[in-house]
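Data from my_file_34.cif: mmCIF, N, CA and C atoms
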```cif
data_query
#
loop_
_atom_site.label_atom_id
_atom_site.label_comp_id
_atom_site.auth_asym_id
_atom_site.auth_seq_id
_atom_site.Cartn_x
_atom_site.Cartn_y
_atom_site.Cartn_z
N MET A 1 28.63 -52.87 -29.60
CA MET A 1 29.85 -52.40 -28.94
C MET A 1 29.59 -52.35 -27.43
N PRO A 2 30.42 -53.03 -26.64
CA PRO A 2 30.25 -53.02 -25.19
C PRO A 2 30.37 -51.60 -24.64
N PHE A 3 29.63 -51.34 -23.55
CA PHE A 3 29.63 -50.00 -22.96
C PHE A 3 31.04 -49.53 -22.62
N SER A 4 31.90 -50.46 -22.17
CA SER A 4 33.26 -50.09 -21.78
C SER A 4 34.08 -49.59 -22.96
N GLN A 5 33.66 -49.90 -24.19
CA GLN A 5 34.38 -49.45 -25.37
C GLN A 5 33.68 -48.30 -26.09
N GLN A 6 32.54 -47.89 -25.58
CA GLN A 6 31.79 -46.82 -26.22
C GLN A 6 32.45 -45.45 -26.04
N TRP A 7 33.42 -45.36 -25.16
CA TRP A 7 34.04 -44.06 -24.90
C TRP A 7 34.63 -43.47 -26.18
N MET A 8 35.16 -44.30 -27.05
CA MET A 8 35.79 -43.79 -28.26
C MET A 8 34.75 -43.16 -29.19
N MET A 9 33.60 -43.81 -29.33
CA MET A 9 32.53 -43.25 -30.15
C MET A 9 32.08 -41.90 -29.58
N TRP A 10 31.89 -41.85 -28.26
CA TRP A 10 31.45 -40.61 -27.63
C TRP A 10 32.51 -39.52 -27.75
N ALA A 11 33.78 -39.91 -27.64
CA ALA A 11 34.86 -38.93 -27.78
C ALA A 11 34.92 -38.37 -29.20
N LEU A 12 34.72 -39.23 -30.19
CA LEU A 12 34.71 -38.76 -31.58
C LEU A 12 33.52 -37.84 -31.83
N LEU A 13 32.36 -38.20 -31.33
CA LEU A 13 31.20 -37.32 -31.44
C LEU A 13 31.45 -35.99 -30.75
N SER A 14 32.11 -36.02 -29.61
CA SER A 14 32.45 -34.78 -28.90
C SER A 14 33.32 -33.89 -29.78
N ALA A 15 34.30 -34.48 -30.45
CA ALA A 15 35.18 -33.70 -31.33
C ALA A 15 34.39 -33.10 -32.49
N ILE A 16 33.48 -33.88 -33.06
CA ILE A 16 32.66 -33.37 -34.17
C ILE A 16 31.81 -32.21 -33.70
N PHE A 17 31.14 -32.37 -32.56
CA PHE A 17 30.30 -31.30 -32.05
C PHE A 17 31.12 -30.08 -31.64
N ALA A 18 32.31 -30.30 -31.10
CA ALA A 18 33.18 -29.18 -30.74
C ALA A 18 33.58 -28.39 -31.99
N ALA A 19 33.86 -29.09 -33.07
CA ALA A 19 34.20 -28.41 -34.32
C ALA A 19 33.00 -27.60 -34.82
N MET A 20 31.82 -28.19 -34.75
CA MET A 20 30.61 -27.47 -35.16
C MET A 20 30.38 -26.26 -34.27
N THR A 21 30.69 -26.40 -32.97
CA THR A 21 30.53 -25.30 -32.03
C THR A 21 31.35 -24.10 -32.47
N ALA A 22 32.59 -24.33 -32.87
CA ALA A 22 33.45 -23.22 -33.28
C ALA A 22 32.89 -22.50 -34.50
N ILE A 23 32.44 -23.26 -35.48
CA ILE A 23 31.93 -22.65 -36.70
C ILE A 23 30.62 -21.92 -36.44
N PHE A 24 29.69 -22.58 -35.77
CA PHE A 24 28.40 -21.94 -35.48
C PHE A 24 28.58 -20.71 -34.61
N ALA A 25 29.46 -20.80 -33.62
CA ALA A 25 29.68 -19.67 -32.71
C ALA A 25 30.30 -18.49 -33.46
N LYS A 26 31.26 -18.77 -34.31
CA LYS A 26 31.92 -17.70 -35.07
C LYS A 26 30.89 -16.94 -35.91
N ILE A 27 29.97 -17.66 -36.53
CA ILE A 27 28.91 -17.02 -37.31
C ILE A 27 27.93 -16.30 -36.39
N GLY A 28 27.57 -16.94 -35.28
CA GLY A 28 26.55 -16.41 -34.38
C GLY A 28 26.95 -15.18 -33.58
N ILE A 29 28.25 -14.97 -33.36
CA ILE A 29 28.64 -13.84 -32.51
C ILE A 29 28.91 -12.57 -33.29
N ARG A 30 28.71 -12.61 -34.59
CA ARG A 30 28.89 -11.38 -35.38
C ARG A 30 27.91 -10.32 -34.89
N GLY A 31 28.45 -9.22 -34.43
CA GLY A 31 27.61 -8.10 -33.98
C GLY A 31 26.97 -8.30 -32.62
N VAL A 32 27.40 -9.32 -31.87
CA VAL A 32 26.84 -9.59 -30.55
C VAL A 32 27.99 -9.64 -29.55
N ASP A 33 27.79 -9.09 -28.37
CA ASP A 33 28.80 -9.17 -27.32
C ASP A 33 29.06 -10.64 -27.00
N SER A 34 30.31 -11.01 -26.89
CA SER A 34 30.65 -12.42 -26.68
C SER A 34 30.14 -12.95 -25.34
N ASP A 35 30.08 -12.12 -24.31
CA ASP A 35 29.56 -12.58 -23.02
C ASP A 35 28.05 -12.85 -23.10
N LEU A 36 27.32 -11.98 -23.79
CA LEU A 36 25.88 -12.21 -23.98
C LEU A 36 25.67 -13.48 -24.80
N ALA A 37 26.48 -13.68 -25.82
CA ALA A 37 26.38 -14.89 -26.63
C ALA A 37 26.62 -16.14 -25.78
N THR A 38 27.59 -16.07 -24.87
CA THR A 38 27.88 -17.20 -23.99
C THR A 38 26.69 -17.47 -23.07
N LEU A 39 26.06 -16.43 -22.56
CA LEU A 39 24.88 -16.59 -21.71
C LEU A 39 23.74 -17.26 -22.48
N ILE A 40 23.48 -16.80 -23.69
CA ILE A 40 22.41 -17.39 -24.50
C ILE A 40 22.70 -18.86 -24.77
N ARG A 41 23.91 -19.15 -25.14
CA ARG A 41 24.31 -20.54 -25.42
C ARG A 41 24.13 -21.40 -24.18
N THR A 42 24.54 -20.89 -23.02
CA THR A 42 24.43 -21.63 -21.77
C THR A 42 22.97 -21.90 -21.41
N ALA A 43 22.11 -20.90 -21.61
CA ALA A 43 20.68 -21.07 -21.31
C ALA A 43 20.07 -22.16 -22.20
N ILE A 44 20.45 -22.17 -23.46
CA ILE A 44 19.93 -23.19 -24.37
C ILE A 44 20.43 -24.57 -23.95
N ILE A 45 21.70 -24.65 -23.58
CA ILE A 45 22.25 -25.93 -23.12
C ILE A 45 21.50 -26.41 -21.88
N MET A 46 21.22 -25.50 -20.96
CA MET A 46 20.47 -25.88 -19.75
C MET A 46 19.11 -26.48 -20.11
N LEU A 47 18.37 -25.82 -20.99
CA LEU A 47 17.04 -26.31 -21.37
C LEU A 47 17.13 -27.69 -22.02
N VAL A 48 18.09 -27.87 -22.91
CA VAL A 48 18.24 -29.15 -23.59
C VAL A 48 18.62 -30.24 -22.60
N LEU A 49 19.54 -29.95 -21.69
CA LEU A 49 19.96 -30.97 -20.72
C LEU A 49 18.86 -31.31 -19.72
N ILE A 50 18.08 -30.32 -19.31
CA ILE A 50 16.94 -30.61 -18.42
C ILE A 50 15.98 -31.56 -19.11
N ALA A 51 15.65 -31.26 -20.37
CA ALA A 51 14.73 -32.13 -21.12
C ALA A 51 15.33 -33.52 -21.30
N PHE A 52 16.62 -33.59 -21.60
CA PHE A 52 17.28 -34.89 -21.80
C PHE A 52 17.29 -35.73 -20.53
N VAL A 53 17.72 -35.14 -19.43
CA VAL A 53 17.81 -35.89 -18.17
C VAL A 53 16.42 -36.33 -17.71
N TRP A 54 15.47 -35.43 -17.81
CA TRP A 54 14.11 -35.76 -17.39
C TRP A 54 13.52 -36.83 -18.31
N GLY A 55 13.64 -36.63 -19.63
CA GLY A 55 13.07 -37.56 -20.60
C GLY A 55 13.71 -38.94 -20.56
N ALA A 56 14.98 -39.00 -20.22
CA ALA A 56 15.68 -40.30 -20.15
C ALA A 56 15.47 -40.98 -18.80
N GLY A 57 14.73 -40.34 -17.91
CA GLY A 57 14.48 -40.93 -16.61
C GLY A 57 15.70 -40.97 -15.70
N LYS A 58 16.62 -40.05 -15.91
CA LYS A 58 17.86 -40.04 -15.14
C LYS A 58 17.85 -39.03 -14.00
N TRP A 59 16.73 -38.35 -13.81
CA TRP A 59 16.67 -37.36 -12.74
C TRP A 59 16.76 -38.03 -11.38
N ARG A 60 17.57 -37.42 -10.50
CA ARG A 60 17.60 -37.82 -9.10
C ARG A 60 17.85 -36.57 -8.28
N ASN A 61 17.56 -36.62 -7.04
CA ASN A 61 17.67 -35.45 -6.18
C ASN A 61 19.14 -35.05 -6.03
N PRO A 62 19.52 -33.87 -6.53
CA PRO A 62 20.92 -33.44 -6.44
C PRO A 62 21.39 -33.26 -4.99
N LEU A 63 20.46 -33.04 -4.08
CA LEU A 63 20.84 -32.85 -2.67
C LEU A 63 21.33 -34.15 -2.03
N GLU A 64 21.10 -35.27 -2.71
CA GLU A 64 21.58 -36.56 -2.20
C GLU A 64 23.05 -36.82 -2.56
N LEU A 65 23.62 -35.97 -3.40
CA LEU A 65 25.02 -36.15 -3.80
C LEU A 65 25.95 -35.74 -2.66
N SER A 66 27.12 -36.32 -2.64
CA SER A 66 28.08 -36.03 -1.58
C SER A 66 28.64 -34.60 -1.72
N ALA A 67 29.19 -34.10 -0.63
CA ALA A 67 29.80 -32.77 -0.64
C ALA A 67 30.98 -32.74 -1.61
N LYS A 68 31.76 -33.82 -1.64
CA LYS A 68 32.90 -33.89 -2.56
C LYS A 68 32.42 -33.78 -4.01
N THR A 69 31.35 -34.48 -4.35
CA THR A 69 30.81 -34.41 -5.70
C THR A 69 30.38 -32.98 -6.02
N TRP A 70 29.68 -32.33 -5.10
CA TRP A 70 29.24 -30.95 -5.30
C TRP A 70 30.43 -30.01 -5.51
N ILE A 71 31.45 -30.17 -4.69
CA ILE A 71 32.63 -29.29 -4.79
C ILE A 71 33.29 -29.45 -6.16
N PHE A 72 33.54 -30.69 -6.58
CA PHE A 72 34.25 -30.88 -7.84
C PHE A 72 33.40 -30.60 -9.07
N LEU A 73 32.10 -30.87 -8.99
CA LEU A 73 31.22 -30.47 -10.10
C LEU A 73 31.12 -28.95 -10.18
N SER A 74 31.12 -28.28 -9.04
CA SER A 74 31.09 -26.81 -9.03
C SER A 74 32.38 -26.24 -9.62
N LEU A 75 33.51 -26.81 -9.22
CA LEU A 75 34.79 -26.35 -9.79
C LEU A 75 34.83 -26.59 -11.30
N SER A 76 34.32 -27.75 -11.73
CA SER A 76 34.27 -28.05 -13.16
C SER A 76 33.37 -27.06 -13.88
N ALA A 77 32.23 -26.73 -13.28
CA ALA A 77 31.31 -25.76 -13.89
C ALA A 77 31.97 -24.38 -14.01
N LEU A 78 32.67 -23.97 -12.98
CA LEU A 78 33.35 -22.67 -13.02
C LEU A 78 34.43 -22.66 -14.10
N ALA A 79 35.18 -23.77 -14.20
CA ALA A 79 36.21 -23.86 -15.24
C ALA A 79 35.58 -23.87 -16.63
N THR A 80 34.47 -24.57 -16.78
CA THR A 80 33.77 -24.60 -18.07
C THR A 80 33.29 -23.21 -18.44
N GLY A 81 32.68 -22.52 -17.49
CA GLY A 81 32.19 -21.16 -17.76
C GLY A 81 33.33 -20.23 -18.15
N ALA A 82 34.42 -20.31 -17.43
CA ALA A 82 35.58 -19.46 -17.76
C ALA A 82 36.11 -19.81 -19.15
N SER A 83 36.17 -21.10 -19.46
CA SER A 83 36.63 -21.54 -20.77
C SER A 83 35.73 -20.99 -21.87
N TRP A 84 34.42 -21.09 -21.69
CA TRP A 84 33.48 -20.62 -22.70
C TRP A 84 33.59 -19.11 -22.91
N VAL A 85 33.69 -18.35 -21.81
CA VAL A 85 33.82 -16.90 -21.93
C VAL A 85 35.08 -16.56 -22.72
N CYS A 86 36.18 -17.19 -22.36
CA CYS A 86 37.45 -16.94 -23.06
C CYS A 86 37.37 -17.38 -24.51
N TYR A 87 36.77 -18.53 -24.76
CA TYR A 87 36.67 -19.07 -26.11
C TYR A 87 35.86 -18.14 -27.02
N PHE A 88 34.72 -17.68 -26.52
CA PHE A 88 33.88 -16.79 -27.33
C PHE A 88 34.56 -15.46 -27.57
N ARG A 89 35.26 -14.95 -26.58
CA ARG A 89 36.00 -13.70 -26.79
C ARG A 89 37.10 -13.89 -27.83
N ALA A 90 37.78 -15.03 -27.75
CA ALA A 90 38.83 -15.31 -28.73
C ALA A 90 38.23 -15.46 -30.13
N LEU A 91 37.10 -16.17 -30.24
CA LEU A 91 36.45 -16.34 -31.54
C LEU A 91 36.00 -15.00 -32.12
N GLN A 92 35.53 -14.12 -31.26
CA GLN A 92 35.07 -12.83 -31.75
C GLN A 92 36.24 -12.00 -32.28
N ALA A 93 37.39 -12.16 -31.68
CA ALA A 93 38.55 -11.35 -32.05
C ALA A 93 39.44 -11.99 -33.11
N GLY A 94 39.42 -13.31 -33.22
CA GLY A 94 40.37 -13.99 -34.10
C GLY A 94 39.70 -14.99 -35.01
N PRO A 95 40.47 -15.52 -35.95
CA PRO A 95 39.94 -16.53 -36.87
C PRO A 95 39.71 -17.88 -36.19
N ALA A 96 38.58 -18.51 -36.50
CA ALA A 96 38.25 -19.80 -35.90
C ALA A 96 39.33 -20.84 -36.18
N SER A 97 39.96 -20.75 -37.35
CA SER A 97 40.98 -21.73 -37.72
C SER A 97 42.26 -21.60 -36.89
N GLN A 98 42.39 -20.51 -36.15
CA GLN A 98 43.53 -20.36 -35.24
C GLN A 98 43.10 -20.48 -33.78
N VAL A 99 41.90 -19.99 -33.47
CA VAL A 99 41.40 -20.08 -32.09
C VAL A 99 41.20 -21.53 -31.67
N ALA A 100 40.54 -22.32 -32.52
CA ALA A 100 40.23 -23.71 -32.16
C ALA A 100 41.47 -24.55 -31.87
N PRO A 101 42.53 -24.45 -32.69
CA PRO A 101 43.71 -25.25 -32.36
C PRO A 101 44.34 -24.87 -31.01
N ILE A 102 44.37 -23.58 -30.71
CA ILE A 102 44.92 -23.18 -29.41
C ILE A 102 44.07 -23.73 -28.28
N ASP A 103 42.75 -23.70 -28.47
CA ASP A 103 41.84 -24.28 -27.49
C ASP A 103 42.15 -25.76 -27.27
N LYS A 104 42.61 -26.44 -28.31
CA LYS A 104 42.91 -27.86 -28.20
C LYS A 104 44.21 -28.14 -27.45
N LEU A 105 44.92 -27.10 -27.07
CA LEU A 105 46.04 -27.30 -26.15
C LEU A 105 45.55 -27.91 -24.84
N SER A 106 44.22 -27.83 -24.63
CA SER A 106 43.65 -28.46 -23.45
C SER A 106 44.00 -29.94 -23.41
N LEU A 107 44.12 -30.59 -24.56
CA LEU A 107 44.51 -32.00 -24.59
C LEU A 107 45.87 -32.20 -23.93
N VAL A 108 46.81 -31.34 -24.27
CA VAL A 108 48.15 -31.43 -23.69
C VAL A 108 48.09 -31.15 -22.19
N LEU A 109 47.32 -30.12 -21.82
CA LEU A 109 47.20 -29.75 -20.41
C LEU A 109 46.50 -30.85 -19.60
N VAL A 110 45.50 -31.50 -20.19
CA VAL A 110 44.84 -32.61 -19.50
C VAL A 110 45.84 -33.71 -19.20
N ALA A 111 46.68 -34.03 -20.17
CA ALA A 111 47.69 -35.08 -19.94
C ALA A 111 48.63 -34.69 -18.80
N ILE A 112 49.06 -33.44 -18.80
CA ILE A 112 49.97 -32.97 -17.74
C ILE A 112 49.27 -32.96 -16.38
N PHE A 113 48.03 -32.44 -16.34
CA PHE A 113 47.29 -32.39 -15.08
C PHE A 113 46.94 -33.79 -14.59
N ALA A 114 46.58 -34.70 -15.51
CA ALA A 114 46.27 -36.08 -15.11
C ALA A 114 47.51 -36.76 -14.54
N PHE A 115 48.67 -36.45 -15.10
CA PHE A 115 49.93 -36.98 -14.57
C PHE A 115 50.16 -36.45 -13.16
N ALA A 116 49.95 -35.14 -12.98
CA ALA A 116 50.26 -34.50 -11.70
C ALA A 116 49.23 -34.81 -10.61
N PHE A 117 47.94 -34.87 -10.97
CA PHE A 117 46.90 -34.95 -9.95
C PHE A 117 46.14 -36.27 -9.89
N LEU A 118 46.13 -37.03 -10.97
CA LEU A 118 45.35 -38.27 -11.01
C LEU A 118 46.23 -39.51 -11.06
N ASP A 119 47.53 -39.32 -10.99
CA ASP A 119 48.48 -40.43 -11.00
C ASP A 119 48.40 -41.26 -12.28
N GLU A 120 48.00 -40.62 -13.39
CA GLU A 120 48.01 -41.31 -14.67
C GLU A 120 49.42 -41.23 -15.24
N ARG A 121 49.87 -42.30 -15.85
CA ARG A 121 51.24 -42.38 -16.34
C ARG A 121 51.27 -42.75 -17.81
N PRO A 122 51.19 -41.75 -18.70
CA PRO A 122 51.30 -42.06 -20.13
C PRO A 122 52.66 -42.69 -20.45
N SER A 123 52.65 -43.57 -21.45
CA SER A 123 53.90 -44.21 -21.88
C SER A 123 54.74 -43.19 -22.65
N LEU A 124 55.97 -43.55 -22.93
CA LEU A 124 56.84 -42.69 -23.71
C LEU A 124 56.23 -42.41 -25.09
N ARG A 125 55.64 -43.43 -25.69
CA ARG A 125 54.97 -43.27 -26.99
C ARG A 125 53.81 -42.27 -26.88
N GLU A 126 53.04 -42.37 -25.80
CA GLU A 126 51.91 -41.46 -25.60
C GLU A 126 52.40 -40.02 -25.37
N TRP A 127 53.49 -39.86 -24.61
CA TRP A 127 54.06 -38.51 -24.43
C TRP A 127 54.52 -37.95 -25.77
N GLY A 128 55.05 -38.84 -26.63
CA GLY A 128 55.44 -38.40 -27.96
C GLY A 128 54.25 -37.88 -28.75
N GLY A 129 53.13 -38.58 -28.67
CA GLY A 129 51.90 -38.13 -29.33
C GLY A 129 51.41 -36.80 -28.77
N ILE A 130 51.49 -36.66 -27.46
CA ILE A 130 51.08 -35.41 -26.81
C ILE A 130 51.97 -34.26 -27.29
N ALA A 131 53.27 -34.52 -27.39
CA ALA A 131 54.20 -33.50 -27.88
C ALA A 131 53.90 -33.14 -29.33
N MET A 132 53.52 -34.14 -30.14
CA MET A 132 53.18 -33.85 -31.53
C MET A 132 51.91 -33.00 -31.63
N VAL A 133 50.95 -33.28 -30.76
CA VAL A 133 49.73 -32.45 -30.73
C VAL A 133 50.11 -31.01 -30.40
N ALA A 134 50.96 -30.84 -29.39
CA ALA A 134 51.40 -29.49 -29.02
C ALA A 134 52.10 -28.80 -30.20
N GLY A 135 52.96 -29.54 -30.88
CA GLY A 135 53.64 -28.98 -32.04
C GLY A 135 52.67 -28.63 -33.15
N GLY A 136 51.69 -29.51 -33.39
CA GLY A 136 50.68 -29.24 -34.41
C GLY A 136 49.85 -28.01 -34.08
N VAL A 137 49.51 -27.87 -32.82
CA VAL A 137 48.76 -26.68 -32.39
C VAL A 137 49.56 -25.42 -32.69
N LEU A 138 50.83 -25.46 -32.37
CA LEU A 138 51.67 -24.28 -32.64
C LEU A 138 51.76 -23.99 -34.13
N LEU A 139 51.91 -25.03 -34.96
CA LEU A 139 51.98 -24.82 -36.40
C LEU A 139 50.68 -24.22 -36.94
N LEU A 140 49.55 -24.69 -36.45
CA LEU A 140 48.26 -24.19 -36.93
C LEU A 140 47.94 -22.80 -36.39
N ALA A 141 48.25 -22.57 -35.14
CA ALA A 141 47.84 -21.33 -34.49
C ALA A 141 48.74 -20.17 -34.82
N LEU A 142 49.99 -20.44 -35.14
CA LEU A 142 50.94 -19.35 -35.36
C LEU A 142 51.21 -19.09 -36.84
N LYS A 143 50.24 -19.52 -37.68
CA LYS A 143 50.43 -19.28 -39.11
C LYS A 143 50.39 -17.79 -39.40
N ARG A 144 51.05 -17.40 -40.47
CA ARG A 144 51.13 -15.96 -40.77
C ARG A 144 50.37 -15.63 -42.01
#
```
Can you turn what I pasted into structure tokens?
Amino acid sequence: MPFSQQWMMWALLSAIFAAMTAIFAKIGIRGVDSDLATLIRTAIIMLVLIAFVWGAGKWRNPLELSAKTWIFLSLSALATGASWVCYFRALQAGPASQVAPIDKLSLVLVAIFAFAFLDERPSLREWGGIAMVAGGVLLLALKR
């Protein structure tokens, strides 16, 4: 599979790992403060990524990156951290089968933000799919 087409495989793996994250986290945060659990998870991720980047020979001096790269990676990190804190708190308080679908509203928001800020223009068919995802999220998350 050409590298330009590998994105779909990586996206599917991301979805699988995200699903596992919800289940493992829901089990792991029983009796633990959700913020402490987020810190532990983040520390483990840091250790794994350091080993991966170093072992794959991908390390380069971060100080050589542009200011723009630093700003946007920092903003992304802050958004990720806020997302994780909120996600773990939601998982601790609610059922994983309802928390995870609401979290997936991010797909709808990404489409809207990409339209507004990245000049991406989904087709009418794609907007229909995005609307169906939003509807599906509501059906799953608002079950009684």
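Atom pair atom N of Ala82 (chain A) / CA of Arg41 (chain A) has a distance of 12.9 Å (rounded to one decimal).
Matched in the shown structure by the PyMOL selection byres ((chain A and resi 85-90) around 8): A:Ala25, A:Lys26, A:Ile29, A:Asp33, A:Ser34, A:Asp35, A:Ala37, A:Thr38, A:Leu39, A:Ala79, A:Thr80, A:Gly81, A:Ala82, A:Ser83, A:Trp84, A:Leu91, A:Gln92, A:Ala93, A:Gly94, A:Pro95, A:Ala96, A:Gln98, A:Val99, A:Ala100, A:Asp103.
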Subject >> Between atom C of Gly31 (chain A) and atom C of Ala141 (chain A), distance in Å (one decimal) >> reply: 24.9 Å
**OP:** May I have all residues of chain A that DSSP, computed from the backbone, assigns to helix (DSSP H, G or I), given as a PyMOL selection string?
**Re:** chain A and resi 3-5+7-28+34-55+62-64+67-93+96-103+105-117+124-141
Quick check on the file I pasted: which residues fall under the PyMOL selection byres ((chain A and resi 123-133) around 8)? Write them as a PDB file with N, CA and C atoms, in the coordinates of the input.
```
ATOM      1  N   LYS A 104      42.610 -26.440 -28.310  1.00  0.00           N
ATOM      2  CA  LYS A 104      42.910 -27.860 -28.200  1.00  0.00           C
ATOM      3  C   LYS A 104      44.210 -28.140 -27.450  1.00  0.00           C
ATOM      4  N   LEU A 105      44.920 -27.100 -27.070  1.00  0.00           N
ATOM      5  CA  LEU A 105      46.040 -27.300 -26.150  1.00  0.00           C
ATOM      6  C   LEU A 105      45.550 -27.910 -24.840  1.00  0.00           C
ATOM      7  N   LEU A 107      44.120 -30.590 -24.560  1.00  0.00           N
ATOM      8  CA  LEU A 107      44.510 -32.000 -24.590  1.00  0.00           C
ATOM      9  C   LEU A 107      45.870 -32.200 -23.930  1.00  0.00           C
ATOM     10  N   VAL A 108      46.810 -31.340 -24.270  1.00  0.00           N
ATOM     11  CA  VAL A 108      48.150 -31.430 -23.690  1.00  0.00           C
ATOM     12  C   VAL A 108      48.090 -31.150 -22.190  1.00  0.00           C
ATOM     13  N   ALA A 111      46.680 -34.030 -20.170  1.00  0.00           N
ATOM     14  CA  ALA A 111      47.690 -35.080 -19.940  1.00  0.00           C
ATOM     15  C   ALA A 111      48.630 -34.690 -18.800  1.00  0.00           C
ATOM     16  N   GLU A 120      48.000 -40.620 -13.390  1.00  0.00           N
ATOM     17  CA  GLU A 120      48.010 -41.310 -14.670  1.00  0.00           C
ATOM     18  C   GLU A 120      49.420 -41.230 -15.240  1.00  0.00           C
ATOM     19  N   ARG A 121      49.870 -42.300 -15.850  1.00  0.00           N
ATOM     20  CA  ARG A 121      51.240 -42.380 -16.340  1.00  0.00           C
ATOM     21  C   ARG A 121      51.270 -42.750 -17.810  1.00  0.00           C
ATOM     22  N   PRO A 122      51.190 -41.750 -18.700  1.00  0.00           N
ATOM     23  CA  PRO A 122      51.300 -42.060 -20.130  1.00  0.00           C
ATOM     24  C   PRO A 122      52.660 -42.690 -20.450  1.00  0.00           C
ATOM     25  N   ALA A 134      50.960 -30.840 -29.390  1.00  0.00           N
ATOM     26  CA  ALA A 134      51.400 -29.490 -29.020  1.00  0.00           C
ATOM     27  C   ALA A 134      52.100 -28.800 -30.200  1.00  0.00           C
ATOM     28  N   GLY A 135      52.960 -29.540 -30.880  1.00  0.00           N
ATOM     29  CA  GLY A 135      53.640 -28.980 -32.040  1.00  0.00           C
ATOM     30  C   GLY A 135      52.670 -28.630 -33.150  1.00  0.00           C
ATOM     31  N   GLY A 136      51.690 -29.510 -33.390  1.00  0.00           N
ATOM     32  CA  GLY A 136      50.680 -29.240 -34.410  1.00  0.00           C
ATOM     33  C   GLY A 136      49.850 -28.010 -34.080  1.00  0.00           C
ATOM     34  N   VAL A 137      49.510 -27.870 -32.820  1.00  0.00           N
ATOM     35  CA  VAL A 137      48.760 -26.680 -32.390  1.00  0.00           C
ATOM     36  C   VAL A 137      49.560 -25.420 -32.690  1.00  0.00           C
ATOM     37  N   LEU A 138      50.830 -25.460 -32.370  1.00  0.00           N
ATOM     38  CA  LEU A 138      51.670 -24.280 -32.640  1.00  0.00           C
ATOM     39  C   LEU A 138      51.760 -23.990 -34.130  1.00  0.00           C
ATOM     40  N   LEU A 139      51.910 -25.030 -34.960  1.00  0.00           N
ATOM     41  CA  LEU A 139      51.980 -24.820 -36.400  1.00  0.00           C
ATOM     42  C   LEU A 139      50.680 -24.220 -36.940  1.00  0.00           C
TER      43      LEU A 139
END
```
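The space separating CA of Leu140 (chain A) from CA of Ala22 (chain A) comes to 15.3 Å.
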Please, can region 122-126 of chain A be completed to all heavy atoms and returned as a PDB file, in the frame of the given file?
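Output (part-v4.pdb):
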```pdb
ATOM      1  N   PRO A 122      51.190 -41.750 -18.700  1.00  0.00           N
ATOM      2  CA  PRO A 122      51.300 -42.060 -20.130  1.00  0.00           C
ATOM      3  C   PRO A 122      52.660 -42.690 -20.450  1.00  0.00           C
ATOM      4  O   PRO A 122      53.668 -42.380 -19.808  1.00  0.00           O
ATOM      5  CB  PRO A 122      51.186 -40.687 -20.806  1.00  0.00           C
ATOM      6  CG  PRO A 122      50.511 -39.809 -19.781  1.00  0.00           C
ATOM      7  CD  PRO A 122      50.962 -40.334 -18.452  1.00  0.00           C
ATOM      8  N   SER A 123      52.650 -43.570 -21.450  1.00  0.00           N
ATOM      9  CA  SER A 123      53.900 -44.210 -21.880  1.00  0.00           C
ATOM     10  C   SER A 123      54.740 -43.190 -22.650  1.00  0.00           C
ATOM     11  O   SER A 123      54.261 -42.102 -23.009  1.00  0.00           O
ATOM     12  CB  SER A 123      53.578 -45.397 -22.788  1.00  0.00           C
ATOM     13  OG  SER A 123      53.008 -44.935 -24.001  1.00  0.00           O
ATOM     14  N   LEU A 124      55.970 -43.550 -22.930  1.00  0.00           N
ATOM     15  CA  LEU A 124      56.840 -42.690 -23.710  1.00  0.00           C
ATOM     16  C   LEU A 124      56.230 -42.410 -25.090  1.00  0.00           C
ATOM     17  O   LEU A 124      56.262 -41.283 -25.581  1.00  0.00           O
ATOM     18  CB  LEU A 124      58.225 -43.329 -23.849  1.00  0.00           C
ATOM     19  CG  LEU A 124      59.299 -42.487 -24.527  1.00  0.00           C
ATOM     20  CD1 LEU A 124      59.508 -41.169 -23.778  1.00  0.00           C
ATOM     21  CD2 LEU A 124      60.611 -43.256 -24.597  1.00  0.00           C
ATOM     22  N   ARG A 125      55.640 -43.430 -25.690  1.00  0.00           N
ATOM     23  CA  ARG A 125      54.970 -43.270 -26.990  1.00  0.00           C
ATOM     24  C   ARG A 125      53.810 -42.270 -26.880  1.00  0.00           C
ATOM     25  O   ARG A 125      53.635 -41.417 -27.744  1.00  0.00           O
ATOM     26  CB  ARG A 125      54.462 -44.632 -27.463  1.00  0.00           C
ATOM     27  CG  ARG A 125      53.787 -44.607 -28.830  1.00  0.00           C
ATOM     28  CD  ARG A 125      53.302 -46.010 -29.213  1.00  0.00           C
ATOM     29  NE  ARG A 125      52.211 -46.444 -28.375  1.00  0.00           N
ATOM     30  CZ  ARG A 125      50.923 -46.331 -28.708  1.00  0.00           C
ATOM     31  NH1 ARG A 125      50.582 -45.834 -29.865  1.00  0.00           N
ATOM     32  NH2 ARG A 125      49.986 -46.740 -27.891  1.00  0.00           N
ATOM     33  N   GLU A 126      53.040 -42.370 -25.800  1.00  0.00           N
ATOM     34  CA  GLU A 126      51.910 -41.460 -25.600  1.00  0.00           C
ATOM     35  C   GLU A 126      52.400 -40.020 -25.370  1.00  0.00           C
ATOM     36  O   GLU A 126      51.817 -39.069 -25.885  1.00  0.00           O
ATOM     37  CB  GLU A 126      51.044 -41.936 -24.432  1.00  0.00           C
ATOM     38  CG  GLU A 126      50.293 -43.214 -24.777  1.00  0.00           C
ATOM     39  CD  GLU A 126      49.714 -43.914 -23.569  1.00  0.00           C
ATOM     40  OE1 GLU A 126      50.240 -43.755 -22.442  1.00  0.00           O
ATOM     41  OE2 GLU A 126      48.730 -44.657 -23.743  1.00  0.00           O
TER      42      GLU A 126
END
```
